[in-house]
Structures are given as C-alpha cells and as structure tokens.
Amino acid sequence: MPRIADDGTTPAQAYARPFTLEPEQPYVAVIVTGLGLNADRTTKAIEDLPLNISLGLSPYADNLPKTLARARQMGHEVFLQLPMEPDDFPLSDPGPRALMTSLPEGENLVRLEWLLARFPGYVGVVGHLGSKFANLDSSIRPVIDFLDKTGLMYIDGSNTGMVSLAAQLAANAEEANAIVDFNIDTVPSRRAIDAQLSALTNKAKTDGFAIGLAQSYPVTIQRLRNWAQRLERQGVKLAPVSALASKQVKPQSPQEAAAAQRMNETTENAKKGSSSPNADATEETIEGN
C-alpha cells in the first residue's frame with residue numbers, strides 16, 4: 001500500500017518525474033491509460049512516447065510490477081487507473097473490482113485497497129470512467145479521504161474539462177489533483193486525434209496549461225510522437241501531469257465546503273426518496289387527505 005513517509009514525503013512527490021515549470025511558459029500534459037493489458041501496445045508506449053508523457057496502468061493487467069519498473073527505468077512517471085462506475089453502466093463496464101455507487105462504503109474501501117496494492121511506485125490514480133461515482137457525495141467522499149491519507153495524486157478523467165465533485169474534494173483536502181480537459185482519442189482516427197491535440201495546445205496557449213488523456217492505440221502513439229516533436233515551435237512545452245498538479249481547481253472555503261456537502265446530501269436523500277417503492281403510495285395518501 002502507498003503511504004506517506006516518516007519525513008512527510010508523499011508518493012505524489014517521491015515518484016513524480018522531476019520537472020521545473022518556467023514562469024509565463026504555457027504547458028500541456030498528457031496521460032496515456034489502459035497500459036498493461038496489451039503487451040505490444042504497452043511496450044510501444046513505454047519506449048516510443050516522450051518521457052514527459054505520463055502513463056496509466058490498468059489494475060487488471062498481469063505483471064504490473066515488471067511493467068512499472070520498465071516504465072520508470074525509461075523515465076516515465078506512472079499512475080494507477082482507478083475504475084469507477086459511469087453514468088451509462090452497464091453499457092460501459094469498469095470491470096469486476098470497480099468502485100460502485102450500489103455498494104456500501106466498506107465494500108468500496110476494500111476494493112480500493114485491493115486496487116492500490118496492485119503494484120508499488122506510482123504517483124497517484126487516474127479515474128477511469130466514473131462519471132456517476134465521482135459525483136455522488138456519499139460514495140466518493142470516503143475514497144478521496146482515503147487517497148488523501150496515502151499521499152497520492154488524484155486525476156479526474158470522468159467529466160472532460162469539468163470539475164467533478166471528486167476533484168473538488170481533493171482540492172479542498174489540499175491533495176495533489178488535476179482534471180482532464182480533453183479526451184484525445186475518443187474517435188481513434190488520425191484526423192480526430194490531431195484535432196483534439198490542436199485544441200489541447202490552443203487551450204494551453206490561452207490558459208497557461210491543459211491536460212489530455214488518451215488510450216494506447218497505435219495511431220494515438222504515432223500522433224502523440226509527431227505532435228510532441230512540433231510542440232515547442234508553437235511556444236508550448238510538454239510537462240508530466242504531476243508538474244501541473246493543483247492548478248485547475250480552486251479549493252472551497254470551509255464554509256463553502258460545508259454548504260456544498262449539505263446540498264449534496266439533500267439532493268441524494270431526495271433522489272432516494274423519489275426512487276423508493278413506497279414513494280407513489282405516499283404521494284397518493286397525501287393527496288387523498
């Protein structure tokens with residue numbers, strides 16, 4: 001299990017790729033996920049991608065410690081892919097050990113511990129799917145609290161370019177965090193990927209930084225390599241994701257955080273009430289009276 005060292009060093013600090021940001025310089029970061037499931041794609045990503053591109057390993061892959069060791073030997077920083085329930089489950093399936101809103105808190109934390117213990121030496125976790133789980137207070141809050149105690153960085157990939165509840169909670173806890181601005185290869189074609197990389201670059205020029213997420217498709221790796229070679233000519237530099245931690249989401253004040261939690265709890269209770277089998281009967285009784 002990852003933990004904070006006796007001297008206060010967190011895994012997010014210990015395993016991040018060394019990098020220094022320059023003032024007024026725009027930066028982009030990219031994390032390539034789903035690695036470990038396909039040996040050829042994993043090798044290609046580790047060996048062919050620029051070292052400042054971060055890598056996300058699937059917890060369902062075999063030989064994860066060996067894969068991580070190879071990636072770190074090359075110079076990449078590594079994240080664990082954290083599977084969570086999406087809005088369209090079961091159409092999109094995060095896998096058998098995913099964190100689910102239908103499970104009690106204890107069971108999700110048992111699953112979280114299993115996931116975090118898959119291999120050592122990673123910077124943090126990157127949310128996989130998770131658009132439902134990452135925005136349900138009663139489900140995600142215990143997970144963010146647990147991650148904060150381990151000193152891991154949290155990257156939210158569930159709502160592209162939007163601040164999920166998970167990302168806000170991580171920011172409030174002063175946990176290293178980031179959100180994905182663009183999914184680069186939702187359409188895995190050369191033209192679509194190039195368009196998304198161009199949008200990522202333009203956002204960095206406008207805002208100072210931008211973060212993209214991609215899969216390990218062969219076409220994606222090829223386009224990322226070509227894009228990275230031309231990037232500095234456009235005045236933008238490539239950084240590891242860890243270097244852009246905690247730049248996107250502003251922490252809430254204690255008063256704002258408490259008010260948001262009360263609102264979330266009220267909304268959840270209302271939803272539970274409306275989905276109760278006795279809700280219609282209760283309404284009829286009220287109307288009859």
# chains A, B, ... in the order shown; residues from 1 in each chain; ligands from 1

call {"tool": "residues_around", "arguments": {"residues": "A:Gly95", "least_positions_apart": "5", "cutoff": "10 Å", "atoms": "only C-alpha atoms", "output": "PyMOL selection string"}}
result
chain A and resi 59-60+83-85+90

call {"tool": "residues_around", "arguments": {"residues": "A:Thr10", "least_positions_apart": "2", "cutoff": "10 Å", "atoms": "only C-alpha atoms", "output": "list of chain:residue names"}}
result
A:Pro2, A:Arg3, A:Ile4, A:Ala5, A:Asp6, A:Asp7, A:Gly8, A:Ala12, A:Gln13, A:Ala14, A:Tyr15, A:Ala16, A:Val123, A:Gly124, A:Asp148, A:Lys149, A:Thr150, A:Gly151, A:Leu152, A:Met153, A:Ala176

call {"tool": "write_last_selection", "arguments": {"atoms": "N, CA and C atoms", "output": "mmCIF file, in the first residue's frame"}}
result
data_model
loop_
_atom_site.group_PDB
_atom_site.id
_atom_site.type_symbol
_atom_site.label_atom_id
_atom_site.label_comp_id
_atom_site.auth_asym_id
_atom_site.auth_seq_id
_atom_site.Cartn_x
_atom_site.Cartn_y
_atom_site.Cartn_z
ATOM 1 N N PRO A 2 0.533 2.237 -0.805
ATOM 2 C CA PRO A 2 1.258 3.506 -0.757
ATOM 3 C C PRO A 2 1.031 4.195 0.580
ATOM 4 N N ARG A 3 2.015 4.949 1.020
ATOM 5 C CA ARG A 3 1.874 5.670 2.286
ATOM 6 C C ARG A 3 2.784 6.890 2.282
ATOM 7 N N ILE A 4 2.502 7.812 3.207
ATOM 8 C CA ILE A 4 3.340 8.977 3.395
ATOM 9 C C ILE A 4 4.528 8.579 4.265
ATOM 10 N N ALA A 5 5.738 8.925 3.844
ATOM 11 C CA ALA A 5 6.947 8.543 4.569
ATOM 12 C C ALA A 5 7.040 9.274 5.901
ATOM 13 N N ASP A 6 7.897 8.773 6.762
ATOM 14 C CA ASP A 6 8.060 9.371 8.092
ATOM 15 C C ASP A 6 8.499 10.830 8.017
ATOM 16 N N ASP A 7 9.225 11.186 6.958
ATOM 17 C CA ASP A 7 9.681 12.578 6.827
ATOM 18 C C ASP A 7 8.653 13.466 6.131
ATOM 19 N N GLY A 8 7.459 12.906 5.839
ATOM 20 C CA GLY A 8 6.392 13.681 5.227
ATOM 21 C C GLY A 8 6.332 13.603 3.711
ATOM 22 N N ALA A 12 3.130 11.072 -4.267
ATOM 23 C CA ALA A 12 2.985 12.063 -5.341
ATOM 24 C C ALA A 12 4.266 12.856 -5.538
ATOM 25 N N GLN A 13 5.017 13.047 -4.469
ATOM 26 C CA GLN A 13 6.297 13.753 -4.562
ATOM 27 C C GLN A 13 7.434 12.806 -4.912
ATOM 28 N N ALA A 14 7.439 11.634 -4.300
ATOM 29 C CA ALA A 14 8.572 10.714 -4.438
ATOM 30 C C ALA A 14 8.686 10.123 -5.837
ATOM 31 N N TYR A 15 7.552 9.865 -6.494
ATOM 32 C CA TYR A 15 7.570 9.148 -7.767
ATOM 33 C C TYR A 15 7.262 10.026 -8.979
ATOM 34 N N ALA A 16 7.088 11.317 -8.758
ATOM 35 C CA ALA A 16 6.848 12.233 -9.881
ATOM 36 C C ALA A 16 8.126 12.399 -10.695
ATOM 37 N N VAL A 123 2.629 7.582 -8.816
ATOM 38 C CA VAL A 123 2.416 8.951 -8.344
ATOM 39 C C VAL A 123 1.029 9.134 -7.743
ATOM 40 N N GLY A 124 0.034 8.505 -8.368
ATOM 41 C CA GLY A 124 -1.340 8.695 -7.935
ATOM 42 C C GLY A 124 -2.277 7.845 -8.765
ATOM 43 N N ASP A 148 -6.261 10.808 0.224
ATOM 44 C CA ASP A 148 -5.529 11.910 0.840
ATOM 45 C C ASP A 148 -4.586 11.399 1.925
ATOM 46 N N LYS A 149 -5.032 10.411 2.683
ATOM 47 C CA LYS A 149 -4.194 9.854 3.754
ATOM 48 C C LYS A 149 -2.998 9.070 3.214
ATOM 49 N N THR A 150 -3.094 8.613 1.967
ATOM 50 C CA THR A 150 -1.978 7.873 1.367
ATOM 51 C C THR A 150 -0.988 8.785 0.653
ATOM 52 N N GLY A 151 -1.363 10.064 0.448
ATOM 53 C CA GLY A 151 -0.467 11.000 -0.226
ATOM 54 C C GLY A 151 -0.413 10.845 -1.726
ATOM 55 N N LEU A 152 -1.443 10.237 -2.312
ATOM 56 C CA LEU A 152 -1.483 10.038 -3.757
ATOM 57 C C LEU A 152 -2.144 11.227 -4.455
ATOM 58 N N MET A 153 -1.724 11.490 -5.683
ATOM 59 C CA MET A 153 -2.370 12.490 -6.521
ATOM 60 C C MET A 153 -3.641 11.889 -7.117
ATOM 61 N N ALA A 176 -2.854 16.710 -4.019
ATOM 62 C CA ALA A 176 -2.457 16.978 -5.405
ATOM 63 C C ALA A 176 -3.540 16.448 -6.338
#

call {"tool": "select_by_dssp", "arguments": {"residues": "stretch 7-59 of chain A", "states": "strand (DSSP E)", "output": "NGL selection string"}}
result
:A and (27-35 or 54-57)

call {"tool": "residues_around", "arguments": {"residues": "A:Leu99", "least_positions_apart": "2", "cutoff": "10 Å", "atoms": "only C-alpha atoms", "output": "NGL selection string"}}
result
:A and (82-86 or 94-97 or 101-105 or 107-112 or 115 or 130 or 133-134 or 139-140 or 143)

call {"tool": "write_last_selection", "arguments": {"atoms": "C-alpha atoms", "output": "PDB file, in the first residue's frame"}}
result
ATOM      1  CA  LEU A  82      -8.888   3.668 -10.835  1.00  0.00           C
ATOM      2  CA  PRO A  83     -12.083   2.081 -12.253  1.00  0.00           C
ATOM      3  CA  MET A  84     -15.335   3.684 -11.080  1.00  0.00           C
ATOM      4  CA  GLU A  85     -18.985   3.457 -12.089  1.00  0.00           C
ATOM      5  CA  PRO A  86     -20.027   5.621 -15.084  1.00  0.00           C
ATOM      6  CA  PRO A  94     -15.393  -0.505 -15.450  1.00  0.00           C
ATOM      7  CA  GLY A  95     -14.634  -4.122 -14.510  1.00  0.00           C
ATOM      8  CA  PRO A  96     -15.124  -6.568 -11.619  1.00  0.00           C
ATOM      9  CA  ARG A  97     -13.256  -4.584  -8.927  1.00  0.00           C
ATOM     10  CA  THR A 101     -22.494   3.521  -6.036  1.00  0.00           C
ATOM     11  CA  SER A 102     -24.611   0.432  -5.285  1.00  0.00           C
ATOM     12  CA  LEU A 103     -22.025  -0.924  -2.818  1.00  0.00           C
ATOM     13  CA  PRO A 104     -21.702   0.080   0.832  1.00  0.00           C
ATOM     14  CA  GLU A 105     -18.786   2.286   1.829  1.00  0.00           C
ATOM     15  CA  GLU A 107     -17.002  -2.757   0.365  1.00  0.00           C
ATOM     16  CA  ASN A 108     -15.785   0.097  -1.838  1.00  0.00           C
ATOM     17  CA  LEU A 109     -12.886   0.748   0.538  1.00  0.00           C
ATOM     18  CA  VAL A 110     -11.960  -2.956   0.471  1.00  0.00           C
ATOM     19  CA  ARG A 111     -11.931  -2.755  -3.331  1.00  0.00           C
ATOM     20  CA  LEU A 112      -9.903   0.456  -3.179  1.00  0.00           C
ATOM     21  CA  LEU A 115      -6.578  -1.695  -6.340  1.00  0.00           C
ATOM     22  CA  GLY A 130     -16.531   7.152 -13.028  1.00  0.00           C
ATOM     23  CA  PHE A 133     -19.355   7.532  -8.809  1.00  0.00           C
ATOM     24  CA  ALA A 134     -17.127  10.625  -8.847  1.00  0.00           C
ATOM     25  CA  SER A 139     -19.693   7.322  -2.482  1.00  0.00           C
ATOM     26  CA  ILE A 140     -16.711   9.452  -3.492  1.00  0.00           C
ATOM     27  CA  VAL A 143     -12.486   7.416  -1.284  1.00  0.00           C
TER      28      VAL A 143
END

call {"tool": "residues_around", "arguments": {"residues": "A:Glu24", "least_positions_apart": "4", "cutoff": "12 Å", "atoms": "only C-alpha atoms", "output": "list in words"}}
result
Ala204, Lys205, Thr206, Asp207, Gly208, Phe209, Gly235, Val236 and Lys237 of chain A

call {"tool": "residues_around", "arguments": {"residues": "stretch 162-170 of chain A", "least_positions_apart": "5", "cutoff": "9 Å", "atoms": "only C-alpha atoms", "output": "VMD selection string"}}
result
chain A and resid 131 133 to 137 140 to 141 143 to 145 147 to 148 153 to 156 175 to 181 248 to 252 257

call {"tool": "write_last_selection", "arguments": {"atoms": "N, CA, C and O atoms", "output": "short mmCIF file (atom, residue, chain, number, x, y, z; two decimals), in the first residue's frame"}}
result
data_model
loop_
_atom_site.label_atom_id
_atom_site.label_comp_id
_atom_site.auth_asym_id
_atom_site.auth_seq_id
_atom_site.Cartn_x
_atom_site.Cartn_y
_atom_site.Cartn_z
N SER A 131 -18.09 8.71 -14.14
CA SER A 131 -18.89 9.93 -14.17
C SER A 131 -20.01 9.92 -13.13
O SER A 131 -20.41 10.98 -12.64
N PHE A 133 -19.95 7.72 -10.13
CA PHE A 133 -19.35 7.53 -8.81
C PHE A 133 -18.65 8.80 -8.33
O PHE A 133 -18.75 9.17 -7.16
N ALA A 134 -17.93 9.46 -9.23
CA ALA A 134 -17.13 10.62 -8.85
C ALA A 134 -17.96 11.84 -8.51
O ALA A 134 -17.43 12.85 -8.04
N ASN A 135 -19.29 11.77 -8.72
CA ASN A 135 -20.15 12.92 -8.44
C ASN A 135 -21.23 12.62 -7.41
O ASN A 135 -22.13 13.43 -7.21
N LEU A 136 -21.13 11.46 -6.75
CA LEU A 136 -22.07 11.11 -5.68
C LEU A 136 -21.34 11.25 -4.35
O LEU A 136 -20.43 10.49 -4.05
N ASP A 137 -21.74 12.22 -3.55
CA ASP A 137 -21.01 12.59 -2.33
C ASP A 137 -20.79 11.39 -1.41
O ASP A 137 -19.67 11.16 -0.94
N ILE A 140 -18.06 9.00 -3.17
CA ILE A 140 -16.71 9.45 -3.49
C ILE A 140 -15.98 10.06 -2.30
O ILE A 140 -14.76 9.97 -2.20
N ARG A 141 -16.69 10.67 -1.35
CA ARG A 141 -16.03 11.35 -0.24
C ARG A 141 -15.12 10.42 0.56
O ARG A 141 -13.96 10.77 0.85
N VAL A 143 -13.60 7.80 -0.42
CA VAL A 143 -12.49 7.42 -1.28
C VAL A 143 -11.44 8.53 -1.34
O VAL A 143 -10.24 8.27 -1.21
N ILE A 144 -11.89 9.76 -1.52
CA ILE A 144 -10.95 10.89 -1.55
C ILE A 144 -10.26 11.05 -0.20
O ILE A 144 -9.05 11.32 -0.12
N ASP A 145 -11.00 10.86 0.89
CA ASP A 145 -10.39 10.91 2.23
C ASP A 145 -9.29 9.87 2.36
O ASP A 145 -8.22 10.14 2.91
N LEU A 147 -7.57 8.39 -0.13
CA LEU A 147 -6.46 8.73 -1.01
C LEU A 147 -5.61 9.85 -0.41
O LEU A 147 -4.38 9.84 -0.53
N ASP A 148 -6.26 10.81 0.22
CA ASP A 148 -5.53 11.91 0.84
C ASP A 148 -4.59 11.40 1.92
O ASP A 148 -3.45 11.88 2.05
N MET A 153 -1.72 11.49 -5.68
CA MET A 153 -2.37 12.49 -6.52
C MET A 153 -3.64 11.89 -7.12
O MET A 153 -3.71 10.68 -7.39
N TYR A 154 -4.66 12.72 -7.32
CA TYR A 154 -5.90 12.28 -7.94
C TYR A 154 -6.12 13.03 -9.25
O TYR A 154 -6.20 14.27 -9.25
N ILE A 155 -6.22 12.28 -10.35
CA ILE A 155 -6.56 12.87 -11.65
C ILE A 155 -7.97 12.43 -12.01
O ILE A 155 -8.26 11.23 -12.05
N ASP A 156 -8.84 13.38 -12.26
CA ASP A 156 -10.21 13.03 -12.59
C ASP A 156 -10.40 13.03 -14.11
O ASP A 156 -10.22 14.07 -14.75
N GLU A 175 -5.01 17.91 -1.51
CA GLU A 175 -4.40 16.75 -2.14
C GLU A 175 -4.03 17.12 -3.57
O GLU A 175 -4.79 17.81 -4.26
N ALA A 176 -2.85 16.71 -4.02
CA ALA A 176 -2.46 16.98 -5.40
C ALA A 176 -3.54 16.45 -6.34
O ALA A 176 -3.97 15.30 -6.21
N ASN A 177 -3.98 17.27 -7.29
CA ASN A 177 -5.11 16.88 -8.13
C ASN A 177 -5.02 17.51 -9.50
O ASN A 177 -4.29 18.48 -9.72
N ALA A 178 -5.79 16.96 -10.43
CA ALA A 178 -5.89 17.50 -11.78
C ALA A 178 -7.17 16.98 -12.42
O ALA A 178 -7.72 15.97 -11.99
N ILE A 179 -7.64 17.69 -13.44
CA ILE A 179 -8.77 17.20 -14.23
C ILE A 179 -8.36 17.17 -15.69
O ILE A 179 -7.54 17.96 -16.15
N VAL A 180 -8.93 16.23 -16.42
CA VAL A 180 -8.65 16.08 -17.84
C VAL A 180 -9.48 17.09 -18.63
O VAL A 180 -10.70 17.17 -18.46
N ASP A 181 -8.82 17.87 -19.48
CA ASP A 181 -9.51 18.85 -20.31
C ASP A 181 -10.04 18.25 -21.61
O ASP A 181 -11.09 18.66 -22.10
N GLN A 248 -5.86 23.66 -11.48
CA GLN A 248 -7.13 23.85 -12.18
C GLN A 248 -8.32 24.10 -11.26
O GLN A 248 -9.24 24.83 -11.63
N VAL A 249 -8.32 23.49 -10.10
CA VAL A 249 -9.49 23.55 -9.22
C VAL A 249 -9.16 24.37 -7.97
O VAL A 249 -8.22 24.04 -7.25
N LYS A 250 -9.93 25.42 -7.74
CA LYS A 250 -9.72 26.28 -6.57
C LYS A 250 -10.38 25.65 -5.35
O LYS A 250 -11.56 25.28 -5.39
N PRO A 251 -9.65 25.50 -4.24
CA PRO A 251 -10.26 24.95 -3.02
C PRO A 251 -11.39 25.83 -2.51
O PRO A 251 -11.32 27.06 -2.59
N GLN A 252 -12.43 25.22 -1.98
CA GLN A 252 -13.51 25.97 -1.35
C GLN A 252 -13.12 26.35 0.07
O GLN A 252 -12.32 25.67 0.71
N ALA A 257 -17.47 24.61 1.57
CA ALA A 257 -17.41 23.15 1.51
C ALA A 257 -18.54 22.53 2.33
O ALA A 257 -19.18 21.57 1.91
#

call {"tool": "closest_residue", "arguments": {"among": "A:Ala39, A:Lys66, A:Val78, A:Lys44", "to": "A:Ser242", "atoms": "only C-alpha atoms"}}
result
A:Val78

call {"tool": "atom_distance", "arguments": {"atom1": "atom CA of A:Ser246", "atom2": "atom CA of A:Thr42"}}
result
28.1 Å

call {"tool": "residues_around", "arguments": {"residues": "A:Arg118", "least_positions_apart": "5", "cutoff": "9 Å", "atoms": "only C-alpha atoms", "output": "PyMOL selection string"}}
result
chain A and resi 1+59-60+64-65+80+113

call {"tool": "write_last_selection", "arguments": {"atoms": "C-alpha atoms", "output": "CSV table (one decimal), in the first residue's frame"}}
result
chain,number,residue,atom,x,y,z
A,1,MET,CA,0.0,0.0,0.0
A,59,PRO,CA,-5.2,-2.7,-12.3
A,60,TYR,CA,-6.5,-5.7,-14.3
A,64,LEU,CA,2.3,-4.9,-13.2
A,65,PRO,CA,5.4,-4.5,-11.0
A,80,LEU,CA,-2.8,3.6,-11.4
A,113,GLU,CA,-7.3,-1.2,-1.0

call {"tool": "residues_around", "arguments": {"residues": "stretch 220-231 of chain A", "least_positions_apart": "4", "cutoff": "10 Å", "atoms": "only C-alpha atoms", "output": "compact mmCIF listing (two decimals) with all heavy atoms, in the first residue's frame"}}
result
# COMPACT_ATOMS: atom_id res chain seq x y z
N TYR A 27 2.10 25.22 -20.85
CA TYR A 27 2.44 23.79 -20.79
C TYR A 27 1.21 22.93 -21.10
O TYR A 27 0.08 23.29 -20.77
CB TYR A 27 2.93 23.41 -19.40
CG TYR A 27 4.31 23.95 -19.06
CD1 TYR A 27 4.44 25.12 -18.33
CD2 TYR A 27 5.46 23.28 -19.47
CE1 TYR A 27 5.70 25.63 -18.01
CE2 TYR A 27 6.71 23.78 -19.16
CZ TYR A 27 6.83 24.94 -18.43
OH TYR A 27 8.08 25.44 -18.13
N VAL A 28 1.48 21.78 -21.72
CA VAL A 28 0.47 20.74 -21.85
C VAL A 28 1.01 19.47 -21.20
O VAL A 28 2.22 19.25 -21.14
CB VAL A 28 0.11 20.44 -23.33
CG1 VAL A 28 -0.61 21.60 -23.96
CG2 VAL A 28 1.34 20.05 -24.13
N VAL A 30 -0.02 15.11 -20.92
CA VAL A 30 -0.84 14.02 -21.46
C VAL A 30 -0.57 12.77 -20.64
O VAL A 30 0.58 12.47 -20.30
CB VAL A 30 -0.51 13.74 -22.95
CG1 VAL A 30 -1.27 12.51 -23.44
CG2 VAL A 30 -0.84 14.95 -23.80
N VAL A 32 -1.37 8.65 -20.93
CA VAL A 32 -1.84 7.55 -21.77
C VAL A 32 -2.23 6.40 -20.85
O VAL A 32 -1.41 5.92 -20.06
CB VAL A 32 -0.76 7.11 -22.77
CG1 VAL A 32 -1.20 5.86 -23.53
CG2 VAL A 32 -0.46 8.24 -23.74
N ARG A 41 1.30 -2.93 -27.26
CA ARG A 41 0.95 -1.51 -27.10
C ARG A 41 1.67 -0.91 -25.89
O ARG A 41 2.10 0.25 -25.93
CB ARG A 41 -0.56 -1.36 -26.93
CG ARG A 41 -1.35 -1.66 -28.19
CD ARG A 41 -2.83 -1.40 -27.94
NE ARG A 41 -3.65 -1.71 -29.12
CZ ARG A 41 -4.95 -1.53 -29.17
NH1 ARG A 41 -5.60 -1.06 -28.12
NH2 ARG A 41 -5.63 -1.85 -30.26
N LYS A 44 5.30 -0.31 -26.77
CA LYS A 44 5.38 0.81 -27.70
C LYS A 44 5.24 2.14 -26.95
O LYS A 44 5.99 3.09 -27.21
CB LYS A 44 4.27 0.68 -28.74
CG LYS A 44 4.51 1.48 -30.01
CD LYS A 44 5.47 0.74 -30.93
CE LYS A 44 5.56 1.44 -32.28
NZ LYS A 44 6.65 0.88 -33.12
N ALA A 45 4.28 2.19 -26.02
CA ALA A 45 4.07 3.43 -25.27
C ALA A 45 5.27 3.76 -24.40
O ALA A 45 5.73 4.91 -24.36
CB ALA A 45 2.82 3.30 -24.41
N ASP A 48 8.43 4.44 -27.02
CA ASP A 48 8.35 5.40 -28.13
C ASP A 48 7.82 6.77 -27.73
O ASP A 48 8.09 7.75 -28.43
CB ASP A 48 7.46 4.84 -29.25
CG ASP A 48 8.12 3.68 -29.99
OD1 ASP A 48 9.25 3.32 -29.63
OD2 ASP A 48 7.49 3.14 -30.91
N LEU A 49 7.06 6.86 -26.65
CA LEU A 49 6.49 8.15 -26.28
C LEU A 49 7.52 9.02 -25.58
O LEU A 49 8.41 8.52 -24.89
CB LEU A 49 5.28 7.95 -25.36
CG LEU A 49 4.01 7.42 -26.01
CD1 LEU A 49 2.95 7.13 -24.95
CD2 LEU A 49 3.46 8.41 -27.04
N PRO A 50 7.42 10.35 -25.72
CA PRO A 50 8.30 11.26 -24.97
C PRO A 50 8.22 10.98 -23.48
O PRO A 50 7.14 10.65 -22.96
CB PRO A 50 7.75 12.64 -25.32
CG PRO A 50 7.04 12.46 -26.62
CD PRO A 50 6.47 11.08 -26.59
N ASN A 52 8.15 12.85 -20.96
CA ASN A 52 7.27 13.72 -20.17
C ASN A 52 5.81 13.34 -20.29
O ASN A 52 4.96 13.95 -19.63
CB ASN A 52 7.47 15.18 -20.58
CG ASN A 52 8.71 15.78 -19.95
OD1 ASN A 52 9.22 15.28 -18.94
ND2 ASN A 52 9.21 16.86 -20.52
N ILE A 53 5.48 12.37 -21.13
CA ILE A 53 4.12 11.86 -21.18
C ILE A 53 3.95 10.83 -20.07
O ILE A 53 4.74 9.89 -19.95
CB ILE A 53 3.77 11.25 -22.55
CG1 ILE A 53 3.63 12.38 -23.58
CG2 ILE A 53 2.49 10.43 -22.49
CD1 ILE A 53 3.20 11.94 -24.96
N ILE A 184 -8.39 12.67 -25.90
CA ILE A 184 -7.74 12.90 -27.18
C ILE A 184 -8.21 11.94 -28.27
O ILE A 184 -8.30 12.33 -29.44
CB ILE A 184 -6.20 12.81 -27.00
CG1 ILE A 184 -5.72 14.00 -26.14
CG2 ILE A 184 -5.48 12.80 -28.34
CD1 ILE A 184 -4.31 13.86 -25.66
N ASP A 185 -8.49 10.70 -27.92
CA ASP A 185 -8.80 9.72 -28.97
C ASP A 185 -10.12 9.01 -28.74
O ASP A 185 -10.23 7.80 -28.97
CB ASP A 185 -7.66 8.71 -29.11
CG ASP A 185 -7.30 8.06 -27.78
OD1 ASP A 185 -7.95 8.36 -26.76
OD2 ASP A 185 -6.35 7.25 -27.76
N PRO A 188 -10.77 7.26 -32.54
CA PRO A 188 -9.37 6.90 -32.77
C PRO A 188 -8.94 6.94 -34.24
O PRO A 188 -8.52 5.95 -34.82
CB PRO A 188 -9.28 5.47 -32.21
CG PRO A 188 -10.65 4.92 -32.43
CD PRO A 188 -11.60 6.07 -32.26
N SER A 189 -9.06 8.14 -34.83
CA SER A 189 -8.60 8.32 -36.19
C SER A 189 -7.54 9.41 -36.21
O SER A 189 -7.52 10.27 -35.32
CB SER A 189 -9.75 8.72 -37.11
OG SER A 189 -10.18 10.04 -36.84
N ARG A 190 -6.69 9.39 -37.22
CA ARG A 190 -5.61 10.36 -37.31
C ARG A 190 -6.15 11.80 -37.29
O ARG A 190 -5.65 12.65 -36.54
CB ARG A 190 -4.82 10.10 -38.59
CG ARG A 190 -3.74 11.11 -38.88
CD ARG A 190 -2.92 10.69 -40.09
NE ARG A 190 -1.97 11.73 -40.46
CZ ARG A 190 -1.01 11.56 -41.37
NH1 ARG A 190 -0.89 10.40 -41.98
NH2 ARG A 190 -0.19 12.54 -41.67
N ARG A 191 -7.17 12.06 -38.09
CA ARG A 191 -7.69 13.42 -38.19
C ARG A 191 -8.31 13.88 -36.88
O ARG A 191 -8.06 15.01 -36.42
CB ARG A 191 -8.73 13.49 -39.31
CG ARG A 191 -9.35 14.87 -39.48
CD ARG A 191 -10.29 14.91 -40.67
NE ARG A 191 -9.58 14.69 -41.92
CZ ARG A 191 -10.17 14.68 -43.11
NH1 ARG A 191 -11.48 14.86 -43.21
NH2 ARG A 191 -9.46 14.47 -44.21
N ILE A 193 -7.75 12.75 -33.79
CA ILE A 193 -6.72 12.89 -32.75
C ILE A 193 -5.94 14.19 -32.95
O ILE A 193 -5.69 14.93 -31.99
CB ILE A 193 -5.78 11.67 -32.76
CG1 ILE A 193 -6.53 10.42 -32.28
CG2 ILE A 193 -4.54 11.92 -31.90
CD1 ILE A 193 -5.78 9.13 -32.49
N ASP A 194 -5.56 14.47 -34.18
CA ASP A 194 -4.82 15.72 -34.46
C ASP A 194 -5.66 16.94 -34.08
O ASP A 194 -5.12 17.94 -33.57
CB ASP A 194 -4.44 15.79 -35.93
CG ASP A 194 -3.30 14.83 -36.27
OD1 ASP A 194 -2.70 14.25 -35.35
OD2 ASP A 194 -3.00 14.67 -37.47
N LEU A 197 -5.58 17.27 -30.27
CA LEU A 197 -4.27 17.74 -29.82
C LEU A 197 -4.09 19.23 -30.12
O LEU A 197 -3.49 19.96 -29.34
CB LEU A 197 -3.17 16.92 -30.49
CG LEU A 197 -3.04 15.47 -30.00
CD1 LEU A 197 -2.03 14.71 -30.84
CD2 LEU A 197 -2.62 15.43 -28.53
N SER A 198 -4.64 19.66 -31.24
CA SER A 198 -4.60 21.09 -31.58
C SER A 198 -5.41 21.89 -30.57
O SER A 198 -4.98 22.97 -30.12
CB SER A 198 -5.13 21.30 -33.00
OG SER A 198 -5.14 22.68 -33.33
N THR A 201 -3.47 22.13 -27.34
CA THR A 201 -2.40 23.13 -27.46
C THR A 201 -2.95 24.54 -27.36
O THR A 201 -2.38 25.40 -26.66
CB THR A 201 -1.66 22.95 -28.79
OG1 THR A 201 -1.17 21.60 -28.89
CG2 THR A 201 -0.49 23.91 -28.90
N ALA A 214 -5.44 9.92 -23.11
CA ALA A 214 -5.52 9.12 -24.33
C ALA A 214 -5.41 7.64 -23.99
O ALA A 214 -4.98 7.26 -22.90
CB ALA A 214 -4.40 9.50 -25.30
N GLN A 215 -5.82 6.81 -24.94
CA GLN A 215 -5.63 5.36 -24.84
C GLN A 215 -4.35 4.99 -25.58
O GLN A 215 -3.73 5.82 -26.24
CB GLN A 215 -6.83 4.64 -25.44
CG GLN A 215 -8.17 5.01 -24.81
CD GLN A 215 -8.23 4.65 -23.35
OE1 GLN A 215 -7.89 3.54 -22.97
NE2 GLN A 215 -8.68 5.59 -22.53
N SER A 216 -3.98 3.72 -25.48
CA SER A 216 -2.71 3.28 -26.08
C SER A 216 -2.89 2.70 -27.47
O SER A 216 -2.20 1.75 -27.85
CB SER A 216 -2.04 2.24 -25.17
OG SER A 216 -2.91 1.15 -24.92
N GLY A 235 5.37 27.42 -29.19
CA GLY A 235 5.53 28.15 -27.94
C GLY A 235 5.00 27.43 -26.72
O GLY A 235 4.85 28.03 -25.65
N VAL A 236 4.72 26.14 -26.86
CA VAL A 236 4.16 25.35 -25.76
C VAL A 236 5.11 24.20 -25.45
O VAL A 236 5.69 23.61 -26.36
CB VAL A 236 2.76 24.80 -26.12
CG1 VAL A 236 2.19 23.96 -24.98
CG2 VAL A 236 1.82 25.94 -26.46
N LYS A 237 5.25 23.88 -24.16
CA LYS A 237 6.13 22.78 -23.77
C LYS A 237 5.33 21.65 -23.13
O LYS A 237 4.26 21.86 -22.56
CB LYS A 237 7.20 23.27 -22.79
CG LYS A 237 8.22 24.20 -23.43
CD LYS A 237 9.36 24.53 -22.46
CE LYS A 237 10.41 25.41 -23.13
NZ LYS A 237 11.54 25.71 -22.21
N LEU A 238 5.89 20.44 -23.26
CA LEU A 238 5.25 19.24 -22.71
C LEU A 238 5.77 18.99 -21.30
O LEU A 238 6.99 18.98 -21.07
CB LEU A 238 5.57 18.04 -23.61
CG LEU A 238 4.95 16.69 -23.24
CD1 LEU A 238 3.43 16.75 -23.32
CD2 LEU A 238 5.50 15.59 -24.15
